[in-house]
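Enquirer: Dumping the structure here so I can ask a few things about it.
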Amino acid sequence: MTGDPDEPSSETERAGTSRQQLRPASPSALPTDEERRERSTVARFAGIGVQFAVTILVSLALGNWLDKKFGMGVFIYLAVFLGAAIAFYSMYRQLMANLEREEAATRARKAGGNSASRGPR
């Protein structure tokens, strides 16, 4: 590498093919729409699990703090119970919303497929 702007700086350029002239990835290497949807669903479910765990851990820490502040041993149980109830309710709502989205998408695909298969009358 001499620093000369006219002299190629990499083996690829010396071979006659610059990186800008390389072909893009083949279509088979790119994820399909179905794979993208599956990844999105997996990420959503992973997020639900993380949210569940964080909610319980935060409620545990809050209960522990309240127990130390007031010198009683009942707050940790109440906080964990309340945190678990909130976490379960949140998880239920998110899962039901996801189920509704999937059912709506399935109905839309079926409706689109049925009208296309009928053809003109």
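Starting from 1 in every chain, residues are counted up; chains themselves are A, B, ... following the order of the structure tokens, and ligands are numbered from 1 as listed.
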Considering only C-alpha atoms, return as number ranges by chain whatever protein or nucleic-acid residues lie within 10 Å of Leu60 (chain A), sequence-local ones (same chain, fewer than 6 positions apart) excluded.
Expert: A: 54, 66, 75-84
Enquirer: Generate a file of the selected residues that holds N, CA and C atoms, formatted as a short mmCIF file (atom, residue, chain, number, x, y, z; two decimals), in the first residue's frame.
Expert:
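Okay, part-v5.cif is ready:
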data_model
loop_
_atom_site.label_atom_id
_atom_site.label_comp_id
_atom_site.auth_asym_id
_atom_site.auth_seq_id
_atom_site.Cartn_x
_atom_site.Cartn_y
_atom_site.Cartn_z
N VAL A 54 -38.78 -9.53 34.78
CA VAL A 54 -38.42 -8.22 35.32
C VAL A 54 -39.51 -7.72 36.28
N LEU A 66 -39.46 -2.45 51.30
CA LEU A 66 -40.53 -2.11 52.25
C LEU A 66 -40.35 -2.87 53.57
N PHE A 75 -44.39 -7.58 53.69
CA PHE A 75 -44.42 -6.83 52.44
C PHE A 75 -43.81 -7.59 51.27
N ILE A 76 -42.78 -8.38 51.54
CA ILE A 76 -42.15 -9.11 50.44
C ILE A 76 -43.11 -10.12 49.84
N TYR A 77 -43.92 -10.76 50.68
CA TYR A 77 -44.90 -11.73 50.18
C TYR A 77 -46.00 -11.03 49.38
N LEU A 78 -46.47 -9.92 49.92
CA LEU A 78 -47.52 -9.17 49.23
C LEU A 78 -47.01 -8.63 47.89
N ALA A 79 -45.81 -8.08 47.89
CA ALA A 79 -45.26 -7.49 46.66
C ALA A 79 -45.02 -8.57 45.60
N VAL A 80 -44.48 -9.71 45.99
CA VAL A 80 -44.23 -10.77 45.02
C VAL A 80 -45.56 -11.31 44.49
N PHE A 81 -46.55 -11.49 45.36
CA PHE A 81 -47.85 -11.97 44.92
C PHE A 81 -48.49 -10.97 43.95
N LEU A 82 -48.46 -9.70 44.31
CA LEU A 82 -49.03 -8.67 43.46
C LEU A 82 -48.24 -8.56 42.14
N GLY A 83 -46.93 -8.63 42.21
CA GLY A 83 -46.10 -8.57 41.00
C GLY A 83 -46.35 -9.75 40.08
N ALA A 84 -46.52 -10.95 40.66
CA ALA A 84 -46.82 -12.13 39.84
C ALA A 84 -48.19 -11.98 39.19
#
Enquirer: Near region 44-47 of chain A, counting only C-alpha atoms, which residues have an atom at most 10 Å away, once you skip same-chain residues fewer than 5 positions from it, shown as an MDAnalysis selection string?
Expert: chainID A and resid 38:39 52:53 91 94:95 98
Enquirer: So, with only C-alpha atoms as the atoms that count, which of A:Val74, A:Gly63, A:Leu57, A:Leu99 lies closest to Thr41 (chain A)?
Expert: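 Closest to Thr41 (chain A) of all the choices is A:Leu99.
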Enquirer: Do you have the CA of Arg37 (chain A)-CA of Arg93 (chain A) distance handy?
Expert: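 CA of Arg93 (chain A) lies at a distance of 20.1 Å from CA of Arg37 (chain A).
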